[in-house]
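Worksheet: the structure to be examined is printed underneath.
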Amino acid sequence: MRIALFATCLGDVLFPEAPKATVRLLERLGHEVVFPAAQTCCGQMHVNTGYARDAVALVRHHVETFAPYETIVAPSGSCVGSVRHQHAMVARKAGDKPLAAAAEQVAARTYELSELLVDVLGVTDVGASYPHRVTYHPTCHSLRMLRVGDKPLQLLRAVRGIDLVELADADQCCGFGGTFAVKNAETSTAMLADKMSHVLQTRAEVVTAGDSSCLMHIAGGLARLRTGVKALHLAQVLASSEGSVQ
Amino acid sequence: MSTYLGLPRARTDVGHLSGSRSFPDAAHDALADTRLRRNLSHATATIRAKRAAVVAEVPDWDALRDAGSAIKADVMARLPELLEQLEQAVTERGGVVHWARDADEANRIVVDLVRRTGSREVVKVKSMATQEIGLNEALEAAGITPVETDLAELIVQLGHDQPSHILVPAIHRGRAEIREIFLREMRGVDPGLTDEPARLAEAARTYLRAKFLSARIAVSGANFAIAETGTLGVVESEGNGRMCLTLPQTLISVMGIEKVLPTWRDLEVFLQLLPRSSTGERMNPYTSTWSGVTPGDGPQEFHLVLLDNGRTAALADELGRTALHCIRCSACLNVCPVYERTGGHAYGSVYPGPIGAILTPLLTGLDGSSPNDSLPYASSLCGACYDVCPVKIDIPSVLVHLRAEHVEAAREAHRTPSAEAVAMAAAAAVMATPARFAAAGRGIGLGRFLVRGGRPRPPLPPPLSGWTASRDVPVPPRETFRQWWARERGTP
Ligand code: SF4
């Protein structure tokens, strides 16, 4: 299958390992990945901070960039959530009905990574190998906006050598929340503290999730406390062939 | 909010719809209060688990939520008609209906009614509407003593405190504190009172029984009013409501106009949704309903005060009006990670938590800089509230919508745009242009030399310092994804 990658702005600029892993993983599964170079950002930060008006141009640009592609994937529950639940709304609020219709079309063909793998490509064993103790944090937008359910866990359970440990109160928000993390930094930190203590209780070496943004927040806290626990995007675990017998 | 200027908003200087500080400021103190944090985390976890268990028992729960949501949407679409029908039905059954535009008017109506009876004391059934308008203060100013009869509300009143939760107003108090309050404030209390829950309840019961028997006038709110029959209803657990609604001679009920329901049958939906969502019970112990006045049975004088206080203005907001669907179950508070850590007082309004973060600014309006302007931002948009809401209010979407209202209000109020607005506009301009975005990405790669040990070398200015206070910053990668792609795959 020919799949267009939406790397997301954060993935492109700050966390390129996640989109790179997505490319490697999909190619290993025999698919063709293309990167529409005009892509930038879904506009979620603008919308969620109250700048929906400024986001219209971003929505238009995203929709135009991805309109030619049949299947689109992003390694982010949050950005896919924005594409699916905000783009048409932003366009409609701006009175642009044709854009709203086009946005709905693109949204219907856009998948978060675990959705693409399990629902569209029909695989749960992606042939990965990752001999480490790992815990998984389901990010709020993948859980409650996209309803990915246990798809990421199905994928992780099939990874060779992995020691997957359950995270207590996994469905609780990590406290990132975009600009919430700075506008309400203290509350955000209080939420992060509980998430980190649950992660530490698992004695996992690695905490994984489907969103680089939440991971940036969790990793930032774990590093500040010098815990040594690493944060790794789900795509990186699934693309790994570490320790496999070639 | 330029789109619906003209409709009166609720005032923030009467009643309890606004604090004096922004949410982050008030949250700062709450977060440092370890006793509060412990009380809240224990109480919300307990009630969350109870709710989840009883909701899981109902196979058609989601269909019930859809039904609740549809009934409420219908009510909002024809509110004026339903209210007139309600007025007529209540009047035909011997009640008197009063219309109150705002908190002041509602308070004046109630105070005048009480004065006319000559009573100096009223017993009160727990009611959000009367807390919203600050009725207790208005009564006290007129020399009338209001006595709260719900246990948690009584604790709040005796503690000279404000409610911090819709269902459990004293959720921020532990039992040791409650014992202290009772010993200090409750006349005639046993000095040997312990902090056992049963003993505390017993003390309250003894104290309140005397009040029930002597009270001649009661003030209540209402969970619903049926337009078709003129019936009002109160759903409660302790039986104090039943006492207040049946023993006194005069009953005055203050109700927000959005609480009206078209028909008696609609109760089949809400009496299933409400108890399971609020107390986590299959059915609440007491459901009292009354229609006007019944000669020789119960209060012989009944007044219904219909309160607007910003509700019509909220109704004019197509998305925001869904906040008026709320049945005050408090499920969204109990699952909210922000509420759990800050408690209700941080919101400054009697409506805290996720519903408060949308309802309060909808009632009072946003002006770009008021404390209530900070409320729509008091959420990580995690969506837990939307998941549990029995009438499916999409709280995250309304929060985002109100953030945009705040930005517009700020734009109108200040001639010069805020630093944030400038940054957002600049970011949007860069991100809408691929070449500029790619160049900006390369620039960030250079920024790796500005980070040492997870901290930026020049300290970040506020508000970004909020990030670095507790979290390291990521070291920018050597190359962006698109640089890697171009290098690996030739063409960008
Ligand atoms: S918004 Fe929904 S969940 Fe929250 S109190 Fe109202 S009805 Fe309950």
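Chain labels run A, B, ... following the order of the structure tokens; each chain numbers its residues from 1, and ligands are numbered from 1 in the order shown.
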(request) May I ask you to write as a ChimeraX atom specification all residues lying at most 6 Å from ligand 1, with only C-alpha atoms and all ligand atoms counted? (result) /B:326-332,355,388-391,393
Closest pair table for chain B residues within 7 Å of chain A, only C-alpha atoms, as CSV:
residue,atom,partner,partner_atom,distance
B:Pro24,CA,A:Asn184,CA,5.7
B:His28,CA,A:Glu186,CA,6.8
B:Pro337,CA,A:Cys173,CA,7.0
B:Val338,CA,A:Thr187,CA,6.7
B:Tyr377,CA,A:Phe180,CA,6.8
B:Ser379,CA,A:Phe180,CA,6.8
B:Ser380,CA,A:Gly177,CA,4.0
B:Leu381,CA,A:Gly177,CA,6.2
B:Cys382,CA,A:Cys140,CA,5.2
B:Gly383,CA,A:Arg144,CA,6.3
B:Val400,CA,A:Asn48,CA,5.4
B:Arg403,CA,A:Gly50,CA,4.4
B:Ala404,CA,A:Gly50,CA,3.7
B:Val407,CA,A:Gly50,CA,5.9
B:Met424,CA,A:His46,CA,6.8
B:Ala425,CA,A:Asp54,CA,6.2
B:Ala428,CA,A:Asp54,CA,6.2
B:Met431,CA,A:Thr40,CA,5.6
B:Ala432,CA,A:Leu58,CA,5.2
B:Pro434,CA,A:Ala38,CA,5.1
B:Phe437,CA,A:Thr40,CA,6.6
B:Gly441,CA,A:Val13,CA,5.2
B:Pro463,CA,A:Val182,CA,6.0
B:Leu464,CA,A:Val182,CA,6.1
B:Gly466,CA,A:Val182,CA,5.1
B:Trp467,CA,A:Val182,CA,5.6
B:Ser470,CA,A:Gly221,CA,6.2
B:Arg471,CA,A:Gly220,CA,4.3
B:Asp472,CA,A:Gly220,CA,4.3
B:Val473,CA,A:Gly220,CA,6.0
B:Pro474,CA,A:Met216,CA,6.9
B:Pro476,CA,A:Leu14,CA,5.4
B:Pro477,CA,A:Leu14,CA,6.2
B:Thr480,CA,A:Val13,CA,4.9
B:Phe481,CA,A:Asp12,CA,4.5
B:Arg482,CA,A:Asp12,CA,6.4
B:Pro492,CA,A:Ala37,CA,5.7
Store the residues of this selection in a file with N, CA and C atoms, as a tab-separated table (two decimals), in the first residue's frame.
chain	number	residue	atom	x	y	z
B	24	PRO	N	-4.76	29.80	37.97
B	24	PRO	CA	-3.41	29.37	38.35
B	24	PRO	C	-2.96	29.93	39.70
B	28	HIS	N	-2.27	27.52	42.98
B	28	HIS	CA	-0.96	27.48	43.63
B	28	HIS	C	-1.10	27.15	45.12
B	337	PRO	N	-8.67	15.25	36.50
B	337	PRO	CA	-7.36	15.25	37.16
B	337	PRO	C	-6.97	16.63	37.68
B	338	VAL	N	-7.52	17.66	37.09
B	338	VAL	CA	-7.22	19.02	37.57
B	338	VAL	C	-8.00	19.27	38.86
B	377	TYR	N	-9.03	27.65	30.54
B	377	TYR	CA	-7.69	27.10	30.38
B	377	TYR	C	-7.33	26.12	31.50
B	379	SER	N	-7.73	23.19	32.17
B	379	SER	CA	-7.99	21.82	31.73
B	379	SER	C	-6.89	21.38	30.78
B	380	SER	N	-6.51	20.11	30.90
B	380	SER	CA	-5.53	19.57	29.95
B	380	SER	C	-6.23	19.00	28.73
B	381	LEU	N	-7.56	19.16	28.66
B	381	LEU	CA	-8.37	18.63	27.56
B	381	LEU	C	-8.23	17.11	27.44
B	382	CYS	N	-8.15	16.44	28.59
B	382	CYS	CA	-7.95	14.99	28.57
B	382	CYS	C	-9.22	14.25	28.19
B	383	GLY	N	-10.38	14.92	28.33
B	383	GLY	CA	-11.62	14.32	27.85
B	383	GLY	C	-12.30	13.35	28.81
B	400	VAL	N	-12.48	24.72	24.46
B	400	VAL	CA	-11.70	25.27	23.35
B	400	VAL	C	-12.45	26.45	22.71
B	403	ARG	N	-12.05	29.39	24.93
B	403	ARG	CA	-10.70	29.97	24.83
B	403	ARG	C	-10.66	30.95	23.67
B	404	ALA	N	-11.31	30.58	22.58
B	404	ALA	CA	-11.36	31.49	21.43
B	404	ALA	C	-12.15	32.75	21.79
B	407	VAL	N	-9.84	34.94	23.73
B	407	VAL	CA	-8.84	35.61	22.87
B	407	VAL	C	-9.49	36.78	22.13
B	424	MET	N	1.49	33.59	18.32
B	424	MET	CA	0.60	32.64	17.64
B	424	MET	C	0.41	33.04	16.17
B	425	ALA	N	0.25	34.32	15.94
B	425	ALA	CA	0.07	34.78	14.56
B	425	ALA	C	1.33	34.51	13.75
B	428	ALA	N	1.63	30.83	13.04
B	428	ALA	CA	0.69	30.42	12.00
B	428	ALA	C	1.22	30.82	10.62
B	431	MET	N	3.97	28.43	9.71
B	431	MET	CA	3.51	27.07	9.48
B	431	MET	C	2.63	26.93	8.25
B	432	ALA	N	2.09	28.03	7.79
B	432	ALA	CA	1.27	27.94	6.58
B	432	ALA	C	2.13	28.02	5.33
B	434	PRO	N	5.44	26.27	3.65
B	434	PRO	CA	6.40	25.17	3.78
B	434	PRO	C	7.86	25.62	3.83
B	437	PHE	N	8.65	27.13	7.11
B	437	PHE	CA	8.59	26.12	8.17
B	437	PHE	C	9.87	25.29	8.16
B	441	GLY	N	12.67	24.97	11.12
B	441	GLY	CA	13.09	23.67	11.66
B	441	GLY	C	14.60	23.57	11.72
B	463	PRO	N	6.19	32.67	29.98
B	463	PRO	CA	5.66	31.56	30.77
B	463	PRO	C	6.45	30.25	30.59
B	464	LEU	N	7.49	30.27	29.73
B	464	LEU	CA	8.19	29.02	29.47
B	464	LEU	C	8.99	28.53	30.67
B	466	GLY	N	7.79	28.12	33.38
B	466	GLY	CA	6.89	27.17	34.03
B	466	GLY	C	7.22	25.75	33.62
B	467	TRP	N	7.68	25.60	32.39
B	467	TRP	CA	8.07	24.27	31.92
B	467	TRP	C	9.36	23.82	32.62
B	470	SER	N	10.03	22.22	36.37
B	470	SER	CA	9.90	20.82	36.78
B	470	SER	C	10.33	19.83	35.70
B	471	ARG	N	10.59	20.33	34.49
B	471	ARG	CA	10.88	19.41	33.40
B	471	ARG	C	12.10	19.86	32.61
B	472	ASP	N	12.91	18.91	32.22
B	472	ASP	CA	14.01	19.24	31.31
B	472	ASP	C	13.44	19.52	29.93
B	473	VAL	N	14.21	20.24	29.15
B	473	VAL	CA	13.78	20.46	27.76
B	473	VAL	C	14.51	19.47	26.86
B	474	PRO	N	13.86	19.06	25.78
B	474	PRO	CA	14.53	18.11	24.89
B	474	PRO	C	15.67	18.79	24.14
B	476	PRO	N	17.40	19.55	20.90
B	476	PRO	CA	17.00	19.44	19.50
B	476	PRO	C	17.91	18.47	18.74
B	477	PRO	N	17.34	17.75	17.79
B	477	PRO	CA	18.15	16.75	17.05
B	477	PRO	C	19.12	17.44	16.10
B	480	THR	N	16.49	17.59	11.19
B	480	THR	CA	15.04	17.41	11.27
B	480	THR	C	14.67	16.17	10.45
B	481	PHE	N	13.41	15.77	10.59
B	481	PHE	CA	12.96	14.61	9.82
B	481	PHE	C	13.10	14.89	8.33
B	482	ARG	N	12.70	16.09	7.92
B	482	ARG	CA	12.71	16.36	6.47
B	482	ARG	C	14.14	16.42	5.92
B	492	PRO	N	13.11	15.93	-1.40
B	492	PRO	CA	12.34	16.25	-0.22
B	492	PRO	C	10.84	15.99	-0.48
(request) Within 8 Å of B:Asp195, counting only C-alpha atoms, which residues show up once you throw out same-chain ones fewer than 4 positions away? Write them as an MDAnalysis selection string, please. (result) chainID B and resid 175:176 178:179 199:200
Any chance you could export the current selection's C-alpha atoms as a compact mmCIF listing (two decimals), in the first residue's frame?
# COMPACT_ATOMS: atom_id res chain seq x y z
CA ARG B 175 -13.56 14.20 59.58
CA ALA B 176 -11.15 15.62 62.15
CA ILE B 178 -15.56 18.43 60.79
CA ARG B 179 -15.42 17.48 64.46
CA ARG B 199 -21.17 10.17 65.68
CA LEU B 200 -20.76 13.23 63.49
(message) When DSSP is applied to the backbone of this structure, which of stretch 304-417 of chain B are assigned helix (DSSP H, G or I)? Write them out as a PyMOL selection string.
(response) chain B and resi 311-315+320-325+331-335+337-342+345-347+353-364+371-377+384-388+395-413
(message) With only C-alpha atoms as the counted atoms, please give the residues lying no more than 7 Å from stretch 123-138 of chain A, apart from itself and same-chain residues fewer than 3 positions off, as a ChimeraX atom specification.
(response) /A:117-118,142-143,154-155,158-167,170-171,204-209,237-244
(request) Name the residues of stretch 3-205 of chain A that fall into strand (DSSP E or B) according to DSSP on the backbone, using the chain letters and numbers of this document, as a PyMOL selection string. (result) chain A and resi 3-5+32-34+72-74+110-112+129+133-136+160+163-165
Saved selection, atoms kept: N, CA and C atoms, as an mmCIF file, in the first residue's frame:
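For reference, out-v5.cif as written:
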data_model
loop_
_atom_site.group_PDB
_atom_site.id
_atom_site.type_symbol
_atom_site.label_atom_id
_atom_site.label_comp_id
_atom_site.auth_asym_id
_atom_site.auth_seq_id
_atom_site.Cartn_x
_atom_site.Cartn_y
_atom_site.Cartn_z
ATOM 1 N N ILE A 3 1.419 4.792 1.366
ATOM 2 C CA ILE A 3 0.964 5.507 2.558
ATOM 3 C C ILE A 3 1.694 6.849 2.661
ATOM 4 N N ALA A 4 0.887 7.918 2.838
ATOM 5 C CA ALA A 4 1.492 9.239 3.007
ATOM 6 C C ALA A 4 1.749 9.482 4.485
ATOM 7 N N LEU A 5 2.958 9.884 4.803
ATOM 8 C CA LEU A 5 3.321 10.119 6.196
ATOM 9 C C LEU A 5 3.100 11.584 6.567
ATOM 10 N N GLU A 32 4.812 1.195 0.717
ATOM 11 C CA GLU A 32 5.557 2.340 0.198
ATOM 12 C C GLU A 32 5.168 3.587 0.988
ATOM 13 N N VAL A 33 6.165 4.285 1.502
ATOM 14 C CA VAL A 33 5.878 5.488 2.281
ATOM 15 C C VAL A 33 6.302 6.719 1.486
ATOM 16 N N VAL A 34 5.400 7.692 1.406
ATOM 17 C CA VAL A 34 5.772 8.952 0.768
ATOM 18 C C VAL A 34 5.653 10.078 1.802
ATOM 19 N N ILE A 72 -3.333 8.046 4.870
ATOM 20 C CA ILE A 72 -2.414 8.962 5.555
ATOM 21 C C ILE A 72 -2.188 8.454 6.982
ATOM 22 N N VAL A 73 -0.955 8.470 7.435
ATOM 23 C CA VAL A 73 -0.671 8.032 8.794
ATOM 24 C C VAL A 73 0.123 9.101 9.534
ATOM 25 N N ALA A 74 -0.124 9.205 10.842
ATOM 26 C CA ALA A 74 0.685 10.083 11.684
ATOM 27 C C ALA A 74 1.014 9.340 12.969
ATOM 28 N N THR A 110 -7.211 9.551 7.335
ATOM 29 C CA THR A 110 -6.039 9.754 8.198
ATOM 30 C C THR A 110 -6.113 8.836 9.415
ATOM 31 N N TYR A 111 -5.030 8.128 9.683
ATOM 32 C CA TYR A 111 -5.008 7.169 10.782
ATOM 33 C C TYR A 111 -3.833 7.423 11.712
ATOM 34 N N GLU A 112 -4.072 7.152 12.963
ATOM 35 C CA GLU A 112 -2.984 7.090 13.939
ATOM 36 C C GLU A 112 -2.276 5.753 13.685
ATOM 37 N N SER A 129 11.423 -6.690 17.607
ATOM 38 C CA SER A 129 12.098 -7.345 18.715
ATOM 39 C C SER A 129 12.662 -6.255 19.614
ATOM 40 N N ARG A 133 12.240 -4.076 29.546
ATOM 41 C CA ARG A 133 11.037 -3.950 30.377
ATOM 42 C C ARG A 133 10.374 -2.616 30.029
ATOM 43 N N VAL A 134 9.133 -2.705 29.555
ATOM 44 C CA VAL A 134 8.459 -1.537 28.984
ATOM 45 C C VAL A 134 7.084 -1.370 29.620
ATOM 46 N N THR A 135 6.698 -0.125 29.868
ATOM 47 C CA THR A 135 5.314 0.138 30.257
ATOM 48 C C THR A 135 4.708 1.131 29.272
ATOM 49 N N TYR A 136 3.399 1.005 29.069
ATOM 50 C CA TYR A 136 2.733 1.798 28.039
ATOM 51 C C TYR A 136 1.761 2.788 28.673
ATOM 52 N N ARG A 160 8.844 -9.394 20.136
ATOM 53 C CA ARG A 160 9.725 -10.431 20.704
ATOM 54 C C ARG A 160 10.560 -9.864 21.852
ATOM 55 N N ASP A 163 9.256 -7.221 27.841
ATOM 56 C CA ASP A 163 8.664 -7.511 29.142
ATOM 57 C C ASP A 163 7.700 -6.355 29.410
ATOM 58 N N LEU A 164 6.458 -6.568 29.015
ATOM 59 C CA LEU A 164 5.479 -5.481 29.053
ATOM 60 C C LEU A 164 4.795 -5.464 30.419
ATOM 61 N N VAL A 165 4.916 -4.367 31.152
ATOM 62 C CA VAL A 165 4.304 -4.292 32.480
ATOM 63 C C VAL A 165 3.194 -3.250 32.493
#
(request) Would you please work out which residue, of B:His401, B:His172, B:His406, B:Arg448, is nearest to B:Asp367 when using only C-alpha atoms? (result)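 Nearest to B:Asp367: B:His406.
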(request) Mind checking which residues fall within 9 Å of B:Asn372, counting only C-alpha atoms, ignoring those fewer than 6 positions away in the same chain, and posting them as a list of chain:residue names? (result)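 The neighbour list is B:Leu17, B:Ser18, B:Gly19, B:Arg21, B:Ser22, B:Phe23, B:Tyr347, B:Gly348, B:Ser349, B:Ala357, B:Thr360, B:Pro361, B:Thr364, B:Gly365, B:Leu366.
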Output N, CA and C atoms for every residue in that selection, as a PDB file, in the first residue's frame.
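Full text of out-v4.pdb as output:
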ATOM      1  N   LEU B  17     -20.144  33.574  41.748  1.00  0.00           N
ATOM      2  CA  LEU B  17     -19.779  33.066  40.432  1.00  0.00           C
ATOM      3  C   LEU B  17     -18.362  33.450  40.040  1.00  0.00           C
ATOM      4  N   SER B  18     -17.659  34.135  40.930  1.00  0.00           N
ATOM      5  CA  SER B  18     -16.298  34.502  40.574  1.00  0.00           C
ATOM      6  C   SER B  18     -15.446  34.732  41.810  1.00  0.00           C
ATOM      7  N   GLY B  19     -14.223  34.263  41.749  1.00  0.00           N
ATOM      8  CA  GLY B  19     -13.281  34.564  42.806  1.00  0.00           C
ATOM      9  C   GLY B  19     -12.544  35.842  42.477  1.00  0.00           C
ATOM     10  N   ARG B  21      -9.145  35.835  42.216  1.00  0.00           N
ATOM     11  CA  ARG B  21      -7.852  35.515  41.618  1.00  0.00           C
ATOM     12  C   ARG B  21      -8.032  34.602  40.422  1.00  0.00           C
ATOM     13  N   SER B  22      -7.044  34.578  39.560  1.00  0.00           N
ATOM     14  CA  SER B  22      -7.103  33.684  38.409  1.00  0.00           C
ATOM     15  C   SER B  22      -6.922  32.245  38.884  1.00  0.00           C
ATOM     16  N   PHE B  23      -7.305  31.298  38.040  1.00  0.00           N
ATOM     17  CA  PHE B  23      -7.194  29.891  38.424  1.00  0.00           C
ATOM     18  C   PHE B  23      -5.762  29.484  38.791  1.00  0.00           C
ATOM     19  N   TYR B 347     -11.495  27.404  41.585  1.00  0.00           N
ATOM     20  CA  TYR B 347     -12.282  27.879  40.445  1.00  0.00           C
ATOM     21  C   TYR B 347     -13.017  29.182  40.767  1.00  0.00           C
ATOM     22  N   GLY B 348     -13.067  29.537  42.043  1.00  0.00           N
ATOM     23  CA  GLY B 348     -13.660  30.819  42.438  1.00  0.00           C
ATOM     24  C   GLY B 348     -15.173  30.878  42.358  1.00  0.00           C
ATOM     25  N   SER B 349     -15.797  29.874  41.767  1.00  0.00           N
ATOM     26  CA  SER B 349     -17.237  29.877  41.541  1.00  0.00           C
ATOM     27  C   SER B 349     -17.860  28.697  42.273  1.00  0.00           C
ATOM     28  N   ALA B 357     -15.777  25.160  34.686  1.00  0.00           N
ATOM     29  CA  ALA B 357     -14.857  25.858  33.792  1.00  0.00           C
ATOM     30  C   ALA B 357     -15.554  26.339  32.520  1.00  0.00           C
ATOM     31  N   THR B 360     -19.472  28.654  34.312  1.00  0.00           N
ATOM     32  CA  THR B 360     -19.230  29.934  34.980  1.00  0.00           C
ATOM     33  C   THR B 360     -18.946  31.053  33.976  1.00  0.00           C
ATOM     34  N   PRO B 361     -17.960  30.876  33.070  1.00  0.00           N
ATOM     35  CA  PRO B 361     -17.729  31.970  32.117  1.00  0.00           C
ATOM     36  C   PRO B 361     -18.892  32.192  31.154  1.00  0.00           C
ATOM     37  N   THR B 364     -21.229  34.462  33.312  1.00  0.00           N
ATOM     38  CA  THR B 364     -20.752  35.817  33.625  1.00  0.00           C
ATOM     39  C   THR B 364     -20.187  36.538  32.407  1.00  0.00           C
ATOM     40  N   GLY B 365     -19.854  35.783  31.358  1.00  0.00           N
ATOM     41  CA  GLY B 365     -19.199  36.390  30.209  1.00  0.00           C
ATOM     42  C   GLY B 365     -17.702  36.510  30.445  1.00  0.00           C
ATOM     43  N   LEU B 366     -16.978  36.768  29.364  1.00  0.00           N
ATOM     44  CA  LEU B 366     -15.527  36.918  29.426  1.00  0.00           C
ATOM     45  C   LEU B 366     -15.187  38.308  28.939  1.00  0.00           C
TER      46      LEU B 366
END
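Between B:Gly454 and the candidates B:Val96, B:Ala435, B:Val475, B:Glu57, the tightest atom-to-atom separation, counting only C-alpha atoms, involves B:Val475.
For the pair atom CA of B:Asp317 and atom CA of B:Ala67, the separation is 22.1 Å.
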